[in-house]
>>> print(open('my_file.cif').read())   # mmCIF, C-alpha atoms
data_final
#
loop_
_atom_site.label_atom_id
_atom_site.label_comp_id
_atom_site.auth_asym_id
_atom_site.auth_seq_id
_atom_site.Cartn_x
_atom_site.Cartn_y
_atom_site.Cartn_z
CA MET A 1 39.21 20.25 -5.42
CA ASN A 2 37.11 21.65 -8.29
CA LEU A 3 37.74 25.33 -8.89
CA ASN A 4 35.07 25.44 -11.59
CA LEU A 5 36.94 28.04 -13.63
CA ASP A 6 35.02 29.79 -16.37
CA TRP A 7 36.99 31.68 -19.01
CA SER A 8 34.02 32.60 -21.21
CA PHE A 9 34.31 36.28 -20.20
CA PHE A 10 37.95 36.39 -21.27
CA SER A 11 38.21 38.33 -24.54
CA TRP A 12 39.94 41.27 -26.15
CA ASP A 13 37.14 43.50 -24.85
CA LEU A 14 38.26 42.63 -21.32
CA TYR A 15 41.56 44.37 -22.02
CA THR A 16 40.20 47.32 -23.97
CA ASN A 17 37.36 48.09 -21.54
CA PHE A 18 38.99 47.38 -18.19
CA VAL A 19 42.72 46.72 -18.39
CA ALA A 20 44.03 49.17 -21.01
CA LYS A 21 43.53 52.26 -18.85
CA GLY A 22 45.32 50.62 -15.93
CA LEU A 23 48.13 49.34 -18.15
CA VAL A 24 48.73 52.84 -19.50
CA PHE A 25 49.04 54.20 -15.96
CA SER A 26 51.32 51.32 -14.89
CA LEU A 27 53.63 51.95 -17.86
CA THR A 28 53.53 55.73 -17.35
CA LEU A 29 54.37 55.31 -13.67
CA THR A 30 57.22 52.96 -14.58
CA VAL A 31 58.74 55.38 -17.12
CA ILE A 32 58.43 58.46 -14.89
CA ALA A 33 59.74 56.64 -11.82
CA THR A 34 62.65 55.22 -13.82
CA LEU A 35 63.71 58.56 -15.30
CA GLY A 36 63.19 60.43 -12.04
CA GLY A 37 64.86 57.67 -10.06
CA ILE A 38 67.93 57.67 -12.32
CA ILE A 39 68.26 61.46 -12.22
CA PHE A 40 67.90 61.81 -8.45
CA GLY A 41 69.70 58.52 -7.87
CA THR A 42 72.71 59.77 -9.81
CA LEU A 43 72.75 62.95 -7.72
CA LEU A 44 72.60 60.87 -4.54
CA ALA A 45 75.44 58.65 -5.81
CA LEU A 46 77.58 61.69 -6.58
CA MET A 47 76.84 63.09 -3.12
CA ARG A 48 77.97 59.84 -1.51
CA LEU A 49 81.17 59.80 -3.56
CA SER A 50 81.95 63.48 -3.16
CA GLY A 51 84.09 62.96 -0.05
CA LYS A 52 82.30 65.88 1.63
CA LYS A 53 80.54 64.94 4.85
CA TRP A 54 77.83 67.58 4.50
CA LEU A 55 76.80 65.95 1.20
CA GLU A 56 77.63 62.34 2.01
CA VAL A 57 75.81 62.00 5.35
CA PRO A 58 72.34 63.19 4.17
CA ALA A 59 72.62 60.95 1.10
CA VAL A 60 73.55 57.92 3.21
CA ILE A 61 70.67 58.55 5.62
CA TYR A 62 68.18 58.96 2.76
CA VAL A 63 69.31 55.90 0.80
CA ASN A 64 69.56 53.57 3.78
CA GLY A 65 66.31 54.87 5.22
CA MET A 66 64.33 54.33 2.02
CA ARG A 67 65.86 50.91 1.42
CA SER A 68 64.88 49.83 4.95
CA ILE A 69 61.15 50.60 4.56
CA PRO A 70 58.70 48.50 2.49
CA LEU A 71 57.48 50.40 -0.55
CA VAL A 72 53.83 49.84 0.29
CA MET A 73 54.37 51.57 3.64
CA VAL A 74 55.96 54.59 1.94
CA ILE A 75 53.01 54.73 -0.48
CA LEU A 76 50.48 54.62 2.35
CA TRP A 77 52.32 57.12 4.55
CA PHE A 78 52.67 59.68 1.76
CA PHE A 79 49.07 59.22 0.58
CA LEU A 80 47.61 59.56 4.08
CA LEU A 81 49.94 62.10 5.70
CA MET A 82 50.66 64.55 2.88
CA PRO A 83 47.04 65.81 2.62
CA MET A 84 47.14 66.49 6.38
CA ILE A 85 50.35 68.51 5.95
CA ILE A 86 49.38 70.59 2.91
CA GLY A 87 45.67 70.75 3.73
CA LYS A 88 44.29 69.25 0.53
CA PRO A 89 44.20 65.85 -1.21
CA ILE A 90 46.71 65.18 -3.96
CA GLY A 91 45.10 62.16 -5.61
CA ALA A 92 46.15 58.53 -5.72
CA GLU A 93 47.92 58.73 -9.09
CA THR A 94 49.95 61.84 -8.24
CA SER A 95 50.81 60.38 -4.85
CA ALA A 96 51.99 57.17 -6.49
CA ILE A 97 54.23 59.00 -8.97
CA ILE A 98 55.92 61.14 -6.29
CA THR A 99 56.37 58.16 -3.98
CA PHE A 100 57.85 55.91 -6.63
CA VAL A 101 60.34 58.54 -7.81
CA ALA A 102 61.47 59.20 -4.24
CA PHE A 103 61.69 55.50 -3.39
CA GLU A 104 63.37 54.30 -6.57
CA ALA A 105 65.99 57.05 -6.37
CA ALA A 106 67.48 55.20 -3.39
CA TYR A 107 67.84 51.96 -5.37
CA PHE A 108 69.07 53.58 -8.57
CA SER A 109 71.64 55.54 -6.55
CA GLU A 110 73.25 52.31 -5.38
CA ILE A 111 73.34 51.00 -8.94
CA MET A 112 74.92 54.22 -10.21
CA ARG A 113 77.41 54.32 -7.33
CA ALA A 114 78.54 50.81 -8.23
CA GLY A 115 78.80 51.83 -11.89
CA ILE A 116 80.86 54.90 -11.10
CA GLN A 117 83.19 52.92 -8.84
CA SER A 118 83.64 50.29 -11.58
CA ILE A 119 85.39 52.82 -13.84
CA PRO A 120 89.18 52.41 -13.59
CA ARG A 121 90.76 55.15 -11.54
CA GLY A 122 93.34 55.64 -14.27
CA GLN A 123 90.70 57.24 -16.48
CA VAL A 124 89.71 59.62 -13.72
CA HIS A 125 93.34 60.56 -13.16
CA ALA A 126 93.80 61.06 -16.90
CA GLY A 127 90.90 63.53 -16.94
CA GLN A 128 92.41 65.40 -14.02
CA ALA A 129 95.78 65.45 -15.78
CA VAL A 130 94.34 67.32 -18.76
CA GLY A 131 92.81 69.92 -16.47
CA MET A 132 89.23 68.69 -16.14
CA THR A 133 87.26 69.74 -13.08
CA TYR A 134 85.42 67.17 -10.96
CA SER A 135 82.10 67.91 -12.65
CA GLN A 136 83.63 67.79 -16.14
CA ASN A 137 85.35 64.51 -15.35
CA MET A 138 82.11 62.98 -14.13
CA ARG A 139 80.00 64.34 -16.99
CA LEU A 140 82.36 63.58 -19.87
CA VAL A 141 84.41 60.58 -18.75
CA VAL A 142 82.91 58.65 -15.85
CA LEU A 143 79.11 58.84 -16.14
CA PRO A 144 78.82 57.85 -19.84
CA GLN A 145 80.82 54.69 -19.17
CA ALA A 146 78.99 54.01 -15.91
CA PHE A 147 75.61 54.26 -17.66
CA ARG A 148 76.75 51.83 -20.34
CA ASN A 149 78.11 49.36 -17.79
CA MET A 150 75.02 49.55 -15.61
CA LEU A 151 72.41 49.63 -18.40
CA PRO A 152 71.34 45.96 -18.02
CA VAL A 153 71.07 46.38 -14.24
CA LEU A 154 69.13 49.63 -14.63
CA LEU A 155 66.70 47.93 -17.00
CA THR A 156 66.34 44.95 -14.66
CA GLN A 157 65.47 47.34 -11.83
CA THR A 158 62.93 48.94 -14.17
CA ILE A 159 61.25 45.56 -14.67
CA ILE A 160 61.08 45.10 -10.90
CA LEU A 161 59.66 48.62 -10.68
CA PHE A 162 56.92 47.69 -13.17
CA GLN A 163 55.99 44.73 -10.99
CA ASP A 164 55.92 46.98 -7.93
CA THR A 165 53.41 49.32 -9.57
CA SER A 166 50.76 46.81 -8.54
CA LEU A 167 51.26 48.10 -4.97
CA VAL A 168 49.40 51.32 -5.81
CA TYR A 169 46.35 49.10 -5.51
CA ALA A 170 46.66 49.86 -1.77
CA ILE A 171 45.65 53.51 -2.29
CA GLY A 172 43.03 52.87 -4.97
CA ALA A 173 44.99 54.04 -8.01
CA TYR A 174 43.74 52.59 -11.30
CA ASP A 175 46.69 50.46 -12.39
CA MET A 176 46.66 47.26 -14.44
CA LEU A 177 45.86 45.06 -11.43
CA LYS A 178 42.95 47.35 -10.53
CA GLY A 179 41.57 46.91 -14.04
CA PHE A 180 41.58 43.14 -13.68
CA GLU A 181 39.97 43.40 -10.24
CA ILE A 182 37.12 45.56 -11.57
CA ALA A 183 36.62 43.15 -14.47
CA GLY A 184 36.48 40.23 -12.02
CA LYS A 185 33.81 41.97 -9.96
CA ASN A 186 31.75 42.92 -13.01
CA PHE A 187 31.78 39.39 -14.41
CA GLY A 188 31.62 37.66 -11.04
CA ARG A 189 34.89 35.84 -11.74
CA PRO A 190 37.55 37.21 -9.38
CA ILE A 191 39.74 34.07 -9.42
CA GLU A 192 39.94 33.99 -13.20
CA SER A 193 40.67 37.73 -13.29
CA TYR A 194 43.58 37.47 -10.89
CA LEU A 195 44.94 34.48 -12.81
CA ALA A 196 44.69 36.50 -16.03
CA ALA A 197 46.48 39.40 -14.29
CA ALA A 198 49.29 37.10 -13.18
CA ALA A 199 49.64 35.71 -16.71
CA THR A 200 49.74 39.23 -18.19
CA TYR A 201 52.41 40.40 -15.74
CA PHE A 202 54.41 37.25 -16.50
CA VAL A 203 54.27 37.71 -20.28
CA ILE A 204 55.28 41.39 -20.10
CA CYS A 205 58.09 40.87 -17.59
CA PHE A 206 59.40 37.73 -19.28
CA ALA A 207 59.56 39.52 -22.64
CA LEU A 208 61.35 42.49 -21.08
CA SER A 209 63.78 40.21 -19.23
CA TRP A 210 64.62 38.41 -22.47
CA ALA A 211 65.26 41.76 -24.19
CA VAL A 212 67.55 42.86 -21.35
CA LYS A 213 69.47 39.59 -21.60
CA GLN A 214 70.03 40.13 -25.33
CA LEU A 215 71.17 43.70 -24.68
CA HIS A 216 73.59 42.46 -22.02
CA LYS A 217 75.14 40.08 -24.56
CA LYS A 218 75.63 42.92 -27.05
CA ILE A 219 77.23 45.15 -24.43
CA ALA A 220 79.55 42.29 -23.41
CA ILE A 221 80.66 41.92 -27.04
CA ILE A 222 81.33 45.67 -27.33
CA ARG A 223 83.54 45.50 -24.24
#
>>> encode(input="my_file.cif", output="structure tokens")
Amino acid sequence: MNLNLDWSFFSWDLYTNFVAKGLVFSLTLTVIATLGGIIFGTLLALMRLSGKKWLEVPAVIYVNGMRSIPLVMVILWFFLLMPMIIGKPIGAETSAIITFVAFEAAYFSEIMRAGIQSIPRGQVHAGQAVGMTYSQNMRLVVLPQAFRNMLPVLLTQTIILFQDTSLVYAIGAYDMLKGFEIAGKNFGRPIESYLAAAATYFVICFALSWAVKQLHKKIAIIR
């Protein structure tokens, strides 16, 4: 089979004119969703570990519910239904940011819950012995260690999140994949454009994965 690939259109201008704008949005979405996901995920984890049913049950329902639905479905539902509820469109980019923060919070909460539970109970009891409240114990003793222990896992989830940003293609947001698609249509080379997109995602994610692996080694030495 002869694919008759033509890479003559492939140049630095391809990235600056078509891909750069989408890459900026993909990275921005990744950073915002990561920070928002960690913040809300930590709150969800603390709710689940609080031992209070009125906090634990809603958190369990939210986390399990989000983790049981494909991300692309959440993106589409929010993008299509929210304008009907509030009476005005909110835009593909804004919709994507809100959806990703809400969705990733469920996954980051499980990571943080595992990190909190990995801290020896003796340290928690020691904090209680010196008169620390629950919130002080979590803020000063447990969470700093949990973040350090879970940092490689959090960064790995961030890499997965970056890959998932390509799903905003479903609602027409201008992400990196959209930039390659537009370039492919303009040059009449869709196959080559998607291959270039795959190669770009691979290079970025491979480099980030290597960096996370090196960080994991350093953290292991510190321990």
>>> atom_distance(input="my_file.cif", atom1="CA of Leu35 in chain A", atom2="CA of Ile61 in chain A")
22.0 Å
>>> resolve_selection(input="my_file.cif", expression="the PyMOL selection byres ((chain A and resi 172-187) around 8)", output="compact mmCIF listing (two decimals) with C-alpha atoms, in the coordinates of the input")
# COMPACT_ATOMS: atom_id res chain seq x y z
CA PHE A 9 34.31 36.28 -20.20
CA LEU A 14 38.26 42.63 -21.32
CA PHE A 18 38.99 47.38 -18.19
CA VAL A 19 42.72 46.72 -18.39
CA ALA A 20 44.03 49.17 -21.01
CA LYS A 21 43.53 52.26 -18.85
CA GLY A 22 45.32 50.62 -15.93
CA LEU A 23 48.13 49.34 -18.15
CA VAL A 24 48.73 52.84 -19.50
CA PHE A 25 49.04 54.20 -15.96
CA SER A 26 51.32 51.32 -14.89
CA ALA A 92 46.15 58.53 -5.72
CA GLU A 93 47.92 58.73 -9.09
CA ALA A 96 51.99 57.17 -6.49
CA THR A 165 53.41 49.32 -9.57
CA SER A 166 50.76 46.81 -8.54
CA VAL A 168 49.40 51.32 -5.81
CA TYR A 169 46.35 49.10 -5.51
CA ALA A 170 46.66 49.86 -1.77
CA ILE A 171 45.65 53.51 -2.29
CA GLY A 188 31.62 37.66 -11.04
CA ARG A 189 34.89 35.84 -11.74
CA PRO A 190 37.55 37.21 -9.38
CA ILE A 191 39.74 34.07 -9.42
CA GLU A 192 39.94 33.99 -13.20
CA SER A 193 40.67 37.73 -13.29
CA TYR A 194 43.58 37.47 -10.89
CA ALA A 196 44.69 36.50 -16.03
CA ALA A 197 46.48 39.40 -14.29
>>> resolve_selection(input="my_file.cif", expression="the PyMOL selection byres ((chain A and resi 78-82) around 12)", output="number ranges by chain")
A: 71-77, 83-100, 102-103, 168, 170-173
>>> resolve_selection(input="my_file.cif", expression="the PyMOL selection byres ((chain A and resi 44) around 10)", output="list of chain:residue names")
A:Ile38, A:Ile39, A:Phe40, A:Gly41, A:Thr42, A:Leu43, A:Ala45, A:Leu46, A:Met47, A:Arg48, A:Leu49, A:Ser50, A:Leu55, A:Glu56, A:Pro58, A:Ala59, A:Val60, A:Tyr62, A:Val63, A:Ala105, A:Ala106, A:Phe108, A:Ser109, A:Glu110, A:Met112, A:Arg113
>>> write_last_selection(input="my_file.cif", atoms="C-alpha atoms", output="short mmCIF file (atom, residue, chain, number, x, y, z; two decimals), in the coordinates of the input")
data_model
loop_
_atom_site.label_atom_id
_atom_site.label_comp_id
_atom_site.auth_asym_id
_atom_site.auth_seq_id
_atom_site.Cartn_x
_atom_site.Cartn_y
_atom_site.Cartn_z
CA ILE A 38 67.93 57.67 -12.32
CA ILE A 39 68.26 61.46 -12.22
CA PHE A 40 67.90 61.81 -8.45
CA GLY A 41 69.70 58.52 -7.87
CA THR A 42 72.71 59.77 -9.81
CA LEU A 43 72.75 62.95 -7.72
CA ALA A 45 75.44 58.65 -5.81
CA LEU A 46 77.58 61.69 -6.58
CA MET A 47 76.84 63.09 -3.12
CA ARG A 48 77.97 59.84 -1.51
CA LEU A 49 81.17 59.80 -3.56
CA SER A 50 81.95 63.48 -3.16
CA LEU A 55 76.80 65.95 1.20
CA GLU A 56 77.63 62.34 2.01
CA PRO A 58 72.34 63.19 4.17
CA ALA A 59 72.62 60.95 1.10
CA VAL A 60 73.55 57.92 3.21
CA TYR A 62 68.18 58.96 2.76
CA VAL A 63 69.31 55.90 0.80
CA ALA A 105 65.99 57.05 -6.37
CA ALA A 106 67.48 55.20 -3.39
CA PHE A 108 69.07 53.58 -8.57
CA SER A 109 71.64 55.54 -6.55
CA GLU A 110 73.25 52.31 -5.38
CA MET A 112 74.92 54.22 -10.21
CA ARG A 113 77.41 54.32 -7.33
#
>>> closest_atom_pairs(input="my_file.cif", of="range 195-221 of chain A", to="range 144-151 of chain A", cutoff="9 Å", atoms="only C-alpha atoms", output="tab-separated table")
residue	atom	partner	partner_atom	distance
A:Val212	CA	A:Leu151	CA	8.8
A:Leu215	CA	A:Leu151	CA	8.7
A:His216	CA	A:Leu151	CA	8.1
A:Ile219	CA	A:Arg148	CA	7.8
>>> write_last_selection(input="my_file.cif", atoms="C-alpha atoms", output="compact mmCIF listing (two decimals), in the coordinates of the input")
# COMPACT_ATOMS: atom_id res chain seq x y z
CA VAL A 212 67.55 42.86 -21.35
CA LEU A 215 71.17 43.70 -24.68
CA HIS A 216 73.59 42.46 -22.02
CA ILE A 219 77.23 45.15 -24.43
>>> atom_distance(input="my_file.cif", atom1="CA of Thr156 in chain A", atom2="CA of Val101 in chain A")
16.4 Å
>>> closest_residue(input="my_file.cif", among="A:Val141, A:Tyr107, A:Phe202, A:Lys213", to="Ser68 in chain A", atoms="all atoms listed in the file")
A:Tyr107
>>> atom_distance(input="my_file.cif", atom1="CA of Asp164 in chain A", atom2="CA of Thr34 in chain A")
12.2 Å
>>> closest_residue(input="my_file.cif", among="A:Val203, A:Ile116, A:Ala129, A:Ala211", to="Val142 in chain A", atoms="all atoms listed in the file")
A:Ile116
>>> closest_residue(input="my_file.cif", among="A:Leu161, A:Met132, A:Met138, A:Leu155", to="Gln214 in chain A", atoms="only C-alpha atoms")
A:Leu155
>>> decode(input="my_file.cif", residues="range 84-96 of chain A", atoms="N, CA and C atoms", output="short mmCIF file (atom, residue, chain, number, x, y, z; two decimals), in the first residue's frame")
data_model
loop_
_atom_site.label_atom_id
_atom_site.label_comp_id
_atom_site.auth_asym_id
_atom_site.auth_seq_id
_atom_site.Cartn_x
_atom_site.Cartn_y
_atom_site.Cartn_z
N MET A 84 -28.18 25.85 28.14
CA MET A 84 -29.62 25.73 28.28
C MET A 84 -30.07 26.08 29.70
N ILE A 85 -29.19 25.82 30.68
CA ILE A 85 -29.54 26.08 32.08
C ILE A 85 -29.39 27.56 32.42
N ILE A 86 -28.28 28.16 31.99
CA ILE A 86 -28.02 29.57 32.35
C ILE A 86 -28.54 30.54 31.30
N GLY A 87 -28.94 30.03 30.14
CA GLY A 87 -29.54 30.88 29.13
C GLY A 87 -28.59 31.61 28.22
N LYS A 88 -27.31 31.29 28.26
CA LYS A 88 -26.35 31.93 27.35
C LYS A 88 -25.14 31.01 27.16
N PRO A 89 -24.49 31.09 25.99
CA PRO A 89 -23.32 30.24 25.75
C PRO A 89 -22.14 30.65 26.62
N ILE A 90 -21.28 29.70 26.92
CA ILE A 90 -20.13 30.01 27.77
C ILE A 90 -18.81 29.85 27.02
N GLY A 91 -18.86 29.36 25.79
CA GLY A 91 -17.64 29.23 25.01
C GLY A 91 -16.95 27.90 25.22
N ALA A 92 -16.33 27.40 24.16
CA ALA A 92 -15.69 26.08 24.22
C ALA A 92 -14.52 26.06 25.19
N GLU A 93 -13.70 27.11 25.17
CA GLU A 93 -12.51 27.13 26.02
C GLU A 93 -12.88 27.20 27.51
N THR A 94 -13.82 28.08 27.85
CA THR A 94 -14.26 28.18 29.24
C THR A 94 -14.91 26.89 29.71
N SER A 95 -15.73 26.31 28.84
CA SER A 95 -16.38 25.04 29.15
C SER A 95 -15.35 23.95 29.41
N ALA A 96 -14.31 23.92 28.59
CA ALA A 96 -13.27 22.91 28.74
C ALA A 96 -12.54 23.06 30.07
#
